[in-house]
$ cat entry-v3.tsv   # TSV, N, CA and C atoms
chain	number	residue	atom	x	y	z
A	805	MET	N	7.74	15.26	20.82
A	805	MET	CA	7.23	14.94	19.51
A	805	MET	C	5.76	15.34	19.45
A	806	SER	N	5.33	15.82	18.29
A	806	SER	CA	3.96	16.29	18.13
A	806	SER	C	3.05	15.16	17.66
A	807	ASP	N	1.75	15.42	17.75
A	807	ASP	CA	0.76	14.46	17.26
A	807	ASP	C	0.90	14.31	15.75
A	808	LEU	N	0.46	13.17	15.24
A	808	LEU	CA	0.55	12.89	13.80
A	808	LEU	C	-0.77	13.28	13.14
A	809	TYR	N	-0.74	14.37	12.37
A	809	TYR	CA	-1.93	14.86	11.67
A	809	TYR	C	-2.07	14.10	10.37
A	810	VAL	N	-3.18	13.39	10.20
A	810	VAL	CA	-3.43	12.62	8.99
A	810	VAL	C	-4.35	13.41	8.07
A	811	ASN	N	-5.52	13.78	8.56
A	811	ASN	CA	-6.43	14.67	7.84
A	811	ASN	C	-7.33	15.33	8.88
A	812	GLN	N	-8.37	16.03	8.42
A	812	GLN	CA	-9.24	16.75	9.36
A	812	GLN	C	-9.94	15.82	10.33
A	813	ARG	N	-10.22	14.60	9.89
A	813	ARG	CA	-10.95	13.66	10.74
A	813	ARG	C	-10.05	12.84	11.65
A	814	LEU	N	-8.76	12.77	11.36
A	814	LEU	CA	-7.89	11.86	12.11
A	814	LEU	C	-6.56	12.51	12.48
A	815	THR	N	-6.28	12.52	13.75
A	815	THR	CA	-4.98	12.92	14.27
A	815	THR	C	-4.59	11.87	15.30
A	816	ILE	N	-3.43	11.25	15.10
A	816	ILE	CA	-2.98	10.20	16.02
A	816	ILE	C	-2.16	10.87	17.13
A	817	PRO	N	-2.54	10.67	18.39
A	817	PRO	CA	-1.79	11.27	19.49
A	817	PRO	C	-0.36	10.72	19.56
A	818	SER	N	0.56	11.57	19.96
A	818	SER	CA	1.96	11.15	20.04
A	818	SER	C	2.15	10.05	21.08
A	819	SER	N	1.24	9.95	22.04
A	819	SER	CA	1.36	8.90	23.07
A	819	SER	C	1.15	7.50	22.49
A	820	GLU	N	0.50	7.40	21.32
A	820	GLU	CA	0.27	6.09	20.70
A	820	GLU	C	1.40	5.67	19.77
A	821	LEU	N	2.33	6.57	19.50
A	821	LEU	CA	3.46	6.27	18.62
A	821	LEU	C	4.70	6.02	19.47
A	822	ALA	N	5.39	4.93	19.20
A	822	ALA	CA	6.65	4.64	19.88
A	822	ALA	C	7.78	4.78	18.87
A	823	ILE	N	8.76	5.59	19.20
A	823	ILE	CA	9.87	5.85	18.27
A	823	ILE	C	11.18	5.49	18.95
A	824	SER	N	12.01	4.76	18.21
A	824	SER	CA	13.34	4.43	18.71
A	824	SER	C	14.35	4.66	17.59
A	825	ALA	N	15.58	4.90	17.98
A	825	ALA	CA	16.65	5.15	17.00
A	825	ALA	C	17.73	4.09	17.17
A	826	ALA	N	18.36	3.75	16.05
A	826	ALA	CA	19.43	2.75	16.06
A	826	ALA	C	20.44	3.13	15.00
A	827	ARG	N	21.54	2.38	14.96
A	827	ARG	CA	22.56	2.63	13.93
A	827	ARG	C	22.02	2.18	12.58
A	828	SER	N	22.23	3.00	11.60
A	828	SER	CA	21.70	2.75	10.27
A	828	SER	C	22.68	1.99	9.40
A	829	SER	N	22.14	1.27	8.42
A	829	SER	CA	23.01	0.65	7.42
A	829	SER	C	22.94	1.45	6.12
A	830	GLY	N	22.21	2.55	6.14
A	830	GLY	CA	22.04	3.38	4.96
A	830	GLY	C	23.20	4.32	4.75
A	831	PRO	N	22.98	5.42	4.00
A	831	PRO	CA	24.06	6.35	3.67
A	831	PRO	C	24.60	7.06	4.90
A	832	GLY	N	25.85	7.48	4.82
A	832	GLY	CA	26.45	8.22	5.92
A	832	GLY	C	27.94	8.03	6.04
A	833	GLY	N	28.53	7.14	5.27
A	833	GLY	CA	29.98	6.94	5.32
A	833	GLY	C	30.41	6.40	6.67
A	834	GLN	N	31.57	6.89	7.14
A	834	GLN	CA	32.09	6.43	8.44
A	834	GLN	C	31.23	6.93	9.59
A	835	ASN	N	30.50	8.01	9.35
A	835	ASN	CA	29.64	8.59	10.37
A	835	ASN	C	28.51	7.63	10.76
A	836	VAL	N	28.18	6.69	9.86
A	836	VAL	CA	27.08	5.77	10.11
A	836	VAL	C	27.38	4.86	11.30
A	837	ASN	N	28.64	4.66	11.62
A	837	ASN	CA	29.02	3.81	12.74
A	837	ASN	C	28.94	4.53	14.09
A	838	LYS	N	28.75	5.84	14.06
A	838	LYS	CA	28.77	6.63	15.29
A	838	LYS	C	27.41	7.19	15.68
A	839	VAL	N	26.53	7.36	14.70
A	839	VAL	CA	25.30	8.10	14.93
A	839	VAL	C	24.08	7.19	14.78
A	840	ASN	N	23.13	7.32	15.68
A	840	ASN	CA	21.88	6.57	15.59
A	840	ASN	C	20.90	7.32	14.69
A	841	SER	N	20.96	7.06	13.40
A	841	SER	CA	20.11	7.80	12.46
A	841	SER	C	18.91	6.99	11.97
A	842	LYS	N	18.92	5.68	12.14
A	842	LYS	CA	17.79	4.85	11.71
A	842	LYS	C	16.63	5.04	12.70
A	843	ILE	N	15.44	5.21	12.16
A	843	ILE	CA	14.26	5.40	13.00
A	843	ILE	C	13.34	4.19	12.85
A	844	THR	N	12.86	3.69	13.98
A	844	THR	CA	11.85	2.64	13.99
A	844	THR	C	10.61	3.22	14.65
A	845	LEU	N	9.52	3.25	13.89
A	845	LEU	CA	8.26	3.80	14.38
A	845	LEU	C	7.29	2.64	14.60
A	846	ARG	N	6.73	2.56	15.79
A	846	ARG	CA	5.78	1.49	16.13
A	846	ARG	C	4.44	2.13	16.47
A	847	TRP	N	3.38	1.53	15.92
A	847	TRP	CA	2.03	2.03	16.18
A	847	TRP	C	1.07	0.85	16.18
A	848	SER	N	0.17	0.84	17.14
A	848	SER	CA	-0.80	-0.25	17.24
A	848	SER	C	-2.16	0.23	16.74
A	849	PRO	N	-2.53	-0.15	15.51
A	849	PRO	CA	-3.82	0.31	14.99
A	849	PRO	C	-5.02	-0.26	15.75
A	850	GLU	N	-4.87	-1.43	16.35
A	850	GLU	CA	-5.98	-2.05	17.07
A	850	GLU	C	-6.30	-1.30	18.36
A	851	LYS	N	-5.30	-0.68	18.96
A	851	LYS	CA	-5.50	0.04	20.22
A	851	LYS	C	-5.78	1.52	20.01
A	852	CYS	N	-5.70	1.98	18.77
A	852	CYS	CA	-5.87	3.40	18.48
A	852	CYS	C	-7.33	3.80	18.69
A	853	THR	N	-7.54	4.85	19.46
A	853	THR	CA	-8.89	5.32	19.75
A	853	THR	C	-9.34	6.40	18.77
A	854	ALA	N	-8.41	7.03	18.08
A	854	ALA	CA	-8.74	8.15	17.21
A	854	ALA	C	-9.32	7.72	15.87
A	855	ILE	N	-9.04	6.52	15.43
A	855	ILE	CA	-9.44	6.05	14.10
A	855	ILE	C	-10.78	5.32	14.18
A	856	ASP	N	-11.67	5.56	13.20
A	856	ASP	CA	-12.97	4.89	13.26
A	856	ASP	C	-12.82	3.42	12.85
A	857	PRO	N	-13.71	2.55	13.32
A	857	PRO	CA	-13.54	1.10	13.14
A	857	PRO	C	-13.44	0.62	11.69
A	858	GLY	N	-14.23	1.21	10.80
A	858	GLY	CA	-14.18	0.78	9.40
A	858	GLY	C	-12.82	1.06	8.78
A	859	TRP	N	-12.31	2.25	9.04
A	859	TRP	CA	-10.99	2.65	8.54
A	859	TRP	C	-9.92	1.73	9.12
A	860	ARG	N	-10.03	1.46	10.42
A	860	ARG	CA	-9.06	0.59	11.10
A	860	ARG	C	-9.06	-0.80	10.48
A	861	ASN	N	-10.25	-1.36	10.26
A	861	ASN	CA	-10.34	-2.71	9.68
A	861	ASN	C	-9.76	-2.76	8.27
A	862	ARG	N	-10.04	-1.73	7.46
A	862	ARG	CA	-9.47	-1.68	6.11
A	862	ARG	C	-7.95	-1.59	6.18
A	863	PHE	N	-7.43	-0.79	7.12
A	863	PHE	CA	-5.98	-0.63	7.28
A	863	PHE	C	-5.34	-1.96	7.68
A	864	ILE	N	-5.94	-2.63	8.65
A	864	ILE	CA	-5.39	-3.90	9.14
A	864	ILE	C	-5.44	-4.96	8.03
A	865	ALA	N	-6.53	-4.99	7.28
A	865	ALA	CA	-6.65	-5.97	6.20
A	865	ALA	C	-5.63	-5.70	5.09
A	866	ARG	N	-5.45	-4.43	4.75
A	866	ARG	CA	-4.55	-4.09	3.65
A	866	ARG	C	-3.09	-4.28	4.01
A	867	HIS	N	-2.73	-4.00	5.26
A	867	HIS	CA	-1.33	-4.05	5.68
A	867	HIS	C	-1.09	-5.17	6.69
A	868	ALA	N	-1.83	-6.26	6.58
A	868	ALA	CA	-1.71	-7.38	7.52
A	868	ALA	C	-0.31	-7.98	7.52
A	869	ASN	N	0.36	-7.97	6.36
A	869	ASN	CA	1.70	-8.55	6.28
A	869	ASN	C	2.74	-7.69	6.99
A	870	ARG	N	2.42	-6.45	7.32
A	870	ARG	CA	3.37	-5.57	8.00
A	870	ARG	C	3.06	-5.43	9.49
A	871	ILE	N	1.99	-6.06	9.95
A	871	ILE	CA	1.60	-5.95	11.35
A	871	ILE	C	2.08	-7.20	12.08
A	872	THR	N	2.71	-7.01	13.24
A	872	THR	CA	3.27	-8.12	14.01
A	872	THR	C	2.17	-8.90	14.71
A	873	LYS	N	2.56	-10.00	15.35
A	873	LYS	CA	1.60	-10.82	16.10
A	873	LYS	C	1.00	-10.05	17.27
A	874	ASP	N	1.77	-9.08	17.78
A	874	ASP	CA	1.29	-8.26	18.90
A	874	ASP	C	0.33	-7.18	18.44
A	875	GLY	N	0.11	-7.07	17.13
A	875	GLY	CA	-0.80	-6.06	16.60
A	875	GLY	C	-0.16	-4.71	16.36
A	876	GLU	N	1.17	-4.68	16.26
A	876	GLU	CA	1.88	-3.42	16.03
A	876	GLU	C	2.36	-3.32	14.59
A	877	LEU	N	2.21	-2.14	14.04
A	877	LEU	CA	2.79	-1.84	12.73
A	877	LEU	C	4.19	-1.29	12.99
A	878	VAL	N	5.19	-1.85	12.33
A	878	VAL	CA	6.57	-1.42	12.53
A	878	VAL	C	7.09	-0.85	11.21
A	879	LEU	N	7.51	0.42	11.25
A	879	LEU	CA	8.09	1.08	10.08
A	879	LEU	C	9.52	1.47	10.39
A	880	HIS	N	10.43	1.14	9.49
A	880	HIS	CA	11.83	1.53	9.63
A	880	HIS	C	12.14	2.57	8.56
A	881	SER	N	12.97	3.54	8.91
A	881	SER	CA	13.41	4.51	7.92
A	881	SER	C	14.90	4.77	8.14
A	882	GLU	N	15.68	4.46	7.11
A	882	GLU	CA	17.11	4.74	7.15
A	882	GLU	C	17.55	5.31	5.81
A	883	ARG	N	16.62	5.99	5.15
A	883	ARG	CA	16.86	6.54	3.82
A	883	ARG	C	17.84	7.71	3.86
A	884	TYR	N	17.79	8.50	4.92
A	884	TYR	CA	18.60	9.71	5.00
A	884	TYR	C	19.74	9.56	6.01
A	885	ARG	N	20.64	10.53	5.99
A	885	ARG	CA	21.83	10.48	6.84
A	885	ARG	C	21.57	10.96	8.26
A	886	ASP	N	20.46	11.68	8.46
A	886	ASP	CA	20.22	12.23	9.79
A	886	ASP	C	18.87	11.79	10.36
A	887	GLN	N	18.79	11.78	11.67
A	887	GLN	CA	17.64	11.26	12.38
A	887	GLN	C	16.34	12.05	12.14
A	888	PRO	N	16.36	13.38	12.16
A	888	PRO	CA	15.10	14.12	11.96
A	888	PRO	C	14.45	13.85	10.60
A	889	ARG	N	15.25	13.74	9.56
A	889	ARG	CA	14.68	13.47	8.23
A	889	ARG	C	14.12	12.05	8.16
A	890	ASN	N	14.79	11.10	8.81
A	890	ASN	CA	14.27	9.73	8.84
A	890	ASN	C	12.97	9.65	9.65
A	891	LEU	N	12.88	10.43	10.72
A	891	LEU	CA	11.65	10.48	11.51
A	891	LEU	C	10.51	11.05	10.67
A	892	ALA	N	10.79	12.13	9.96
A	892	ALA	CA	9.77	12.74	9.09
A	892	ALA	C	9.35	11.76	8.00
A	893	ASP	N	10.31	11.01	7.46
A	893	ASP	CA	10.02	10.03	6.41
A	893	ASP	C	9.12	8.92	6.94
A	894	ALA	N	9.41	8.40	8.13
A	894	ALA	CA	8.60	7.32	8.71
A	894	ALA	C	7.18	7.81	9.00
A	895	ARG	N	7.07	9.02	9.54
A	895	ARG	CA	5.75	9.59	9.83
A	895	ARG	C	4.96	9.81	8.54
A	896	PHE	N	5.65	10.30	7.51
A	896	PHE	CA	5.00	10.54	6.21
A	896	PHE	C	4.50	9.22	5.61
A	897	ARG	N	5.30	8.18	5.72
A	897	ARG	CA	4.89	6.87	5.17
A	897	ARG	C	3.68	6.32	5.91
A	898	LEU	N	3.62	6.52	7.23
A	898	LEU	CA	2.45	6.07	7.99
A	898	LEU	C	1.20	6.84	7.55
A	899	VAL	N	1.34	8.15	7.35
A	899	VAL	CA	0.21	8.95	6.88
A	899	VAL	C	-0.27	8.46	5.52
A	900	GLU	N	0.67	8.19	4.60
A	900	GLU	CA	0.31	7.70	3.27
A	900	GLU	C	-0.42	6.36	3.36
A	901	MET	N	0.06	5.47	4.22
A	901	MET	CA	-0.59	4.17	4.39
A	901	MET	C	-2.01	4.33	4.92
A	902	LEU	N	-2.19	5.27	5.85
A	902	LEU	CA	-3.52	5.50	6.41
A	902	LEU	C	-4.46	6.10	5.37
A	903	LEU	N	-3.96	7.05	4.59
A	903	LEU	CA	-4.82	7.73	3.62
A	903	LEU	C	-5.26	6.80	2.49
A	904	GLU	N	-4.43	5.83	2.12
A	904	GLU	CA	-4.84	4.93	1.04
A	904	GLU	C	-5.93	3.96	1.49
A	905	CYS	N	-6.16	3.85	2.80
A	905	CYS	CA	-7.22	2.97	3.31
A	905	CYS	C	-8.44	3.75	3.78
A	906	ARG	N	-8.45	5.05	3.53
A	906	ARG	CA	-9.52	5.91	4.03
A	906	ARG	C	-10.88	5.52	3.47
A	907	GLU	N	-10.97	5.38	2.15
A	907	GLU	CA	-12.24	5.07	1.50
A	907	GLU	C	-12.37	3.57	1.24
A	908	PRO	N	-13.56	3.01	1.41
A	908	PRO	CA	-13.73	1.59	1.07
A	908	PRO	C	-13.59	1.39	-0.44
A	909	ALA	N	-13.17	0.20	-0.83
A	909	ALA	CA	-12.98	-0.10	-2.25
A	909	ALA	C	-14.33	-0.06	-2.95
A	910	LYS	N	-14.32	0.46	-4.16
A	910	LYS	CA	-15.56	0.55	-4.92
A	910	LYS	C	-15.97	-0.83	-5.42
A	911	LYS	N	-17.27	-1.08	-5.38
A	911	LYS	CA	-17.79	-2.35	-5.89
A	911	LYS	C	-17.72	-2.33	-7.41
A	912	ARG	N	-17.40	-3.46	-7.99
A	912	ARG	CA	-17.32	-3.57	-9.44
A	912	ARG	C	-18.73	-3.68	-10.01
A	913	LYS	N	-18.99	-2.88	-11.03
A	913	LYS	CA	-20.28	-2.97	-11.71
A	913	LYS	C	-20.15	-3.94	-12.87
A	914	LYS	N	-21.12	-4.83	-12.99
A	914	LYS	CA	-21.10	-5.77	-14.10
A	914	LYS	C	-21.43	-5.02	-15.38
A	915	THR	N	-20.64	-5.25	-16.41
A	915	THR	CA	-20.92	-4.63	-17.70
A	915	THR	C	-21.17	-5.72	-18.72
A	916	ARG	N	-21.94	-5.37	-19.74
A	916	ARG	CA	-22.23	-6.32	-20.80
A	916	ARG	C	-21.54	-5.83	-22.07
A	917	PRO	N	-21.09	-6.77	-22.91
A	917	PRO	CA	-20.45	-6.34	-24.16
A	917	PRO	C	-21.46	-5.64	-25.07
A	918	THR	N	-20.99	-4.63	-25.79
A	918	THR	CA	-21.87	-3.90	-26.69
A	918	THR	C	-22.19	-4.76	-27.91
A	919	LEU	N	-23.23	-4.37	-28.62
A	919	LEU	CA	-23.62	-5.12	-29.82
A	919	LEU	C	-22.51	-5.06	-30.87
A	920	GLY	N	-21.87	-3.89	-30.97
A	920	GLY	CA	-20.78	-3.74	-31.94
A	920	GLY	C	-19.61	-4.66	-31.63
A	921	SER	N	-19.27	-4.77	-30.34
A	921	SER	CA	-18.14	-5.64	-29.98
A	921	SER	C	-18.48	-7.11	-30.23
A	922	LYS	N	-19.75	-7.48	-30.00
A	922	LYS	CA	-20.18	-8.85	-30.28
A	922	LYS	C	-20.07	-9.14	-31.78
A	923	ARG	N	-20.52	-8.16	-32.59
A	923	ARG	CA	-20.49	-8.33	-34.04
A	923	ARG	C	-19.05	-8.46	-34.54
A	924	ARG	N	-18.16	-7.58	-34.05
A	924	ARG	CA	-16.75	-7.63	-34.47
A	924	ARG	C	-16.10	-8.95	-34.07
A	925	ARG	N	-16.43	-9.44	-32.90
A	925	ARG	CA	-15.88	-10.72	-32.43
A	925	ARG	C	-16.34	-11.85	-33.34
A	926	LYS	N	-17.62	-11.85	-33.66
A	926	LYS	CA	-18.16	-12.91	-34.51
A	926	LYS	C	-17.55	-12.86	-35.91
A	927	GLU	N	-17.38	-11.64	-36.46
A	927	GLU	CA	-16.76	-11.49	-37.78
A	927	GLU	C	-15.33	-12.01	-37.77
A	928	ALA	N	-14.59	-11.69	-36.72
A	928	ALA	CA	-13.20	-12.15	-36.61
A	928	ALA	C	-13.14	-13.67	-36.54
A	929	LYS	N	-14.08	-14.25	-35.81
A	929	LYS	CA	-14.10	-15.71	-35.69
A	929	LYS	C	-14.42	-16.37	-37.03
A	930	THR	N	-15.39	-15.83	-37.74
A	930	THR	CA	-15.74	-16.44	-39.04
A	930	THR	C	-14.62	-16.26	-40.04
A	931	LYS	N	-13.94	-15.11	-39.99
A	931	LYS	CA	-12.81	-14.86	-40.89
A	931	LYS	C	-11.70	-15.88	-40.63
A	932	LEU	N	-11.39	-16.10	-39.37
A	932	LEU	CA	-10.35	-17.05	-39.00
A	932	LEU	C	-10.77	-18.47	-39.38
A	933	SER	N	-12.04	-18.78	-39.17
A	933	SER	CA	-12.55	-20.10	-39.53
A	933	SER	C	-12.43	-20.34	-41.04
A	934	GLN	N	-12.77	-19.33	-41.84
A	934	GLN	CA	-12.66	-19.46	-43.29
A	934	GLN	C	-11.21	-19.62	-43.72
A	935	LYS	N	-10.31	-18.89	-43.07
A	935	LYS	CA	-8.88	-19.00	-43.40
A	935	LYS	C	-8.39	-20.42	-43.14
A	936	LYS	N	-8.78	-20.98	-41.99
A	936	LYS	CA	-8.34	-22.34	-41.66
A	936	LYS	C	-9.00	-23.37	-42.57
A	937	GLN	N	-10.24	-23.10	-42.95
A	937	GLN	CA	-10.95	-24.03	-43.83
A	937	GLN	C	-10.30	-24.06	-45.22
A	938	SER	N	-9.82	-22.91	-45.67
A	938	SER	CA	-9.18	-22.85	-46.99
A	938	SER	C	-7.84	-23.58	-47.00
A	939	ARG	N	-7.24	-23.78	-45.84
A	939	ARG	CA	-5.96	-24.48	-45.75
A	939	ARG	C	-6.14	-26.00	-45.79
A	940	ARG	N	-7.35	-26.45	-45.48
A	940	ARG	CA	-7.59	-27.89	-45.41
A	940	ARG	C	-7.42	-28.55	-46.77
A	941	GLN	N	-6.92	-29.75	-46.72
A	941	GLN	CA	-6.79	-30.53	-47.95
A	941	GLN	C	-7.87	-31.60	-47.95
A	942	SER	N	-8.46	-31.80	-49.10
A	942	SER	CA	-9.45	-32.86	-49.16
A	942	SER	C	-8.79	-34.12	-49.68
A	943	PHE	N	-9.02	-35.24	-49.05
A	943	PHE	CA	-8.41	-36.51	-49.42
A	943	PHE	C	-9.42	-37.39	-50.16
A	944	ASP	N	-10.15	-36.83	-51.08
A	944	ASP	CA	-11.15	-37.60	-51.84
A	944	ASP	C	-10.54	-38.40	-52.95

$ encode --input "entry-v3.tsv" --output "structure tokens"
Amino acid sequence: MSDLYVNQRLTIPSSELAISAARSSGPGGQNVNKVNSKITLRWSPEKCTAIDPGWRNRFIARHANRITKDGELVLHSERYRDQPRNLADARFRLVEMLLECREPAKKRKKTRPTLGSKRRRKEAKTKLSQKKQSRRQSFD
């Protein structure tokens, strides 16, 4: 198996990826009972030396619910009928997960309402207030 190329800055060595195959519950008909087409890909982001610490921390924080107590990310793929396509699918999903954590989240800039929006809001409030006031009955 080859190394997992993520982008120019990151390539995960194949020695850090553990891959196993099992019988799938996905598509395949009667053949599904005979062939090990399901792929389980295991990778430990905490032990990975290729990834920089900030990226690693963002990845672990974002995908904490998918990481086991041992610190391993476990991905299963049984979408396809054959093992090579499931392996490619699992590797692709890991790359996608890594790429979405590449950049830190942008800080939110505080914005203030425009003068026009303040004016429109106030006009709407006074209009509604007048409408409700006209419905009132006087008990004099």

$ closest_atom_pairs --input "entry-v3.tsv" --of "region 817-846 of chain A" --to "region 885-897 of chain A" --cutoff "7 Å" --atoms "all atoms listed in the file" --output "Markdown table"
| residue | atom | partner | partner_atom | distance |
| --- | --- | --- | --- | --- |
| A:Gly830 | C | A:Arg885 | CA | 6.6 |
| A:Pro831 | C | A:Arg885 | CA | 4.8 |
| A:Gly832 | CA | A:Arg885 | CA | 5.2 |
| A:Asn840 | C | A:Gln887 | CA | 5.6 |
| A:Ser841 | CA | A:Gln887 | CA | 4.3 |
| A:Lys842 | N | A:Gln887 | CA | 5.7 |
| A:Ile843 | CA | A:Asn890 | C | 5.6 |
| A:Leu845 | N | A:Ala894 | CA | 6.7 |

$ closest_residue --input "entry-v3.tsv" --among "A:Arg813, A:Lys929, A:Arg924, A:Arg912" --to "Trp859 (chain A)" --atoms "only C-alpha atoms"
A:Arg813

$ atom_distance --input "entry-v3.tsv" --atom1 "CA of Met901 (chain A)" --atom2 "atom N of Glu882 (chain A)"
16.5 Å

$ select_by_dssp --input "entry-v3.tsv" --residues "chain A" --states "helix (DSSP H, G or I)" --output "JSON, numbers by chain"
{"A": [818, 819, 820, 833, 834, 835, 836, 837, 857, 858, 859, 860, 861, 862, 863, 864, 865, 866, 868, 869, 870, 887, 888, 889, 890, 891, 892, 893, 894, 895, 896, 897, 898, 899, 900, 901, 902, 903, 919, 920, 921, 922, 923, 924, 925, 926, 927, 928, 929, 930, 931, 932, 933, 934, 935, 936, 937, 938, 939]}

$ residues_around --input "entry-v3.tsv" --residues "Arg860 (chain A)" --least-positions-apart "4" --cutoff "8 Å" --atoms "all atoms listed in the file" --output "number ranges by chain"
A: 849-850, 855-856, 864-866, 905-906

$ atom_distance --input "entry-v3.tsv" --atom1 "atom N of Glu900 (chain A)" --atom2 "atom N of Arg862 (chain A)"
14.9 Å

$ closest_residue --input "entry-v3.tsv" --among "A:Leu877, A:Val836, A:Leu814, A:Ala868" --to "Ser848 (chain A)" --atoms "only N, CA and C atoms"
A:Leu877

$ atom_distance --input "entry-v3.tsv" --atom1 "CA of Asn861 (chain A)" --atom2 "CA of Glu876 (chain A)"
13.8 Å

$ closest_residue --input "entry-v3.tsv" --among "A:Glu904, A:Lys911, A:Val878, A:Ile823" --to "Phe863 (chain A)" --atoms "only C-alpha atoms"
A:Glu904

$ decode --input "entry-v3.tsv" --residues "region 805-846 of chain A" --atoms "C-alpha atoms" --output "PDB file, in the first residue's frame"
ATOM      1  CA  MET A 805       0.000   0.000   0.000  1.00  0.00           C
ATOM      2  CA  SER A 806       1.254   3.491  -0.829  1.00  0.00           C
ATOM      3  CA  ASP A 807       1.535   6.547   1.384  1.00  0.00           C
ATOM      4  CA  LEU A 808      -1.570   8.716   1.745  1.00  0.00           C
ATOM      5  CA  TYR A 809      -1.030  12.010  -0.097  1.00  0.00           C
ATOM      6  CA  VAL A 810      -3.165  14.752   1.463  1.00  0.00           C
ATOM      7  CA  ASN A 811      -1.586  17.898   0.000  1.00  0.00           C
ATOM      8  CA  GLN A 812       1.880  19.331  -0.671  1.00  0.00           C
ATOM      9  CA  ARG A 813       2.527  19.837   3.036  1.00  0.00           C
ATOM     10  CA  LEU A 814       1.190  16.514   4.319  1.00  0.00           C
ATOM     11  CA  THR A 815       1.699  12.915   3.305  1.00  0.00           C
ATOM     12  CA  ILE A 816       0.821  10.209   5.824  1.00  0.00           C
ATOM     13  CA  PRO A 817       3.210   7.239   5.664  1.00  0.00           C
ATOM     14  CA  SER A 818       1.593   3.874   4.987  1.00  0.00           C
ATOM     15  CA  SER A 819       3.230   2.536   8.166  1.00  0.00           C
ATOM     16  CA  GLU A 820       0.885   4.749  10.240  1.00  0.00           C
ATOM     17  CA  LEU A 821      -2.269   3.385   8.575  1.00  0.00           C
ATOM     18  CA  ALA A 822      -3.690   0.024   9.644  1.00  0.00           C
ATOM     19  CA  ILE A 823      -6.073  -1.607   7.184  1.00  0.00           C
ATOM     20  CA  SER A 824      -8.164  -4.706   7.712  1.00  0.00           C
ATOM     21  CA  ALA A 825     -10.875  -6.369   5.653  1.00  0.00           C
ATOM     22  CA  ALA A 826     -14.030  -8.120   6.806  1.00  0.00           C
ATOM     23  CA  ARG A 827     -17.309  -9.408   5.421  1.00  0.00           C
ATOM     24  CA  SER A 828     -19.531  -6.560   4.346  1.00  0.00           C
ATOM     25  CA  SER A 829     -23.204  -5.995   4.991  1.00  0.00           C
ATOM     26  CA  GLY A 830     -23.385  -3.708   1.960  1.00  0.00           C
ATOM     27  CA  PRO A 831     -24.179  -4.522  -1.682  1.00  0.00           C
ATOM     28  CA  GLY A 832     -22.989  -7.743  -3.277  1.00  0.00           C
ATOM     29  CA  GLY A 833     -25.823 -10.272  -3.216  1.00  0.00           C
ATOM     30  CA  GLN A 834     -24.833 -13.820  -2.293  1.00  0.00           C
ATOM     31  CA  ASN A 835     -21.214 -12.926  -2.992  1.00  0.00           C
ATOM     32  CA  VAL A 836     -21.228 -10.757   0.150  1.00  0.00           C
ATOM     33  CA  ASN A 837     -21.108 -13.921   2.283  1.00  0.00           C
ATOM     34  CA  LYS A 838     -17.915 -15.149   0.609  1.00  0.00           C
ATOM     35  CA  VAL A 839     -15.741 -12.093   0.050  1.00  0.00           C
ATOM     36  CA  ASN A 840     -14.088  -9.743   2.549  1.00  0.00           C
ATOM     37  CA  SER A 841     -14.972  -6.455   0.870  1.00  0.00           C
ATOM     38  CA  LYS A 842     -15.526  -4.197   3.912  1.00  0.00           C
ATOM     39  CA  ILE A 843     -12.489  -2.080   4.749  1.00  0.00           C
ATOM     40  CA  THR A 844     -11.624  -0.774   8.204  1.00  0.00           C
ATOM     41  CA  LEU A 845      -8.966   1.931   8.208  1.00  0.00           C
ATOM     42  CA  ARG A 846      -7.323   2.865  11.512  1.00  0.00           C
TER      43      ARG A 846
END
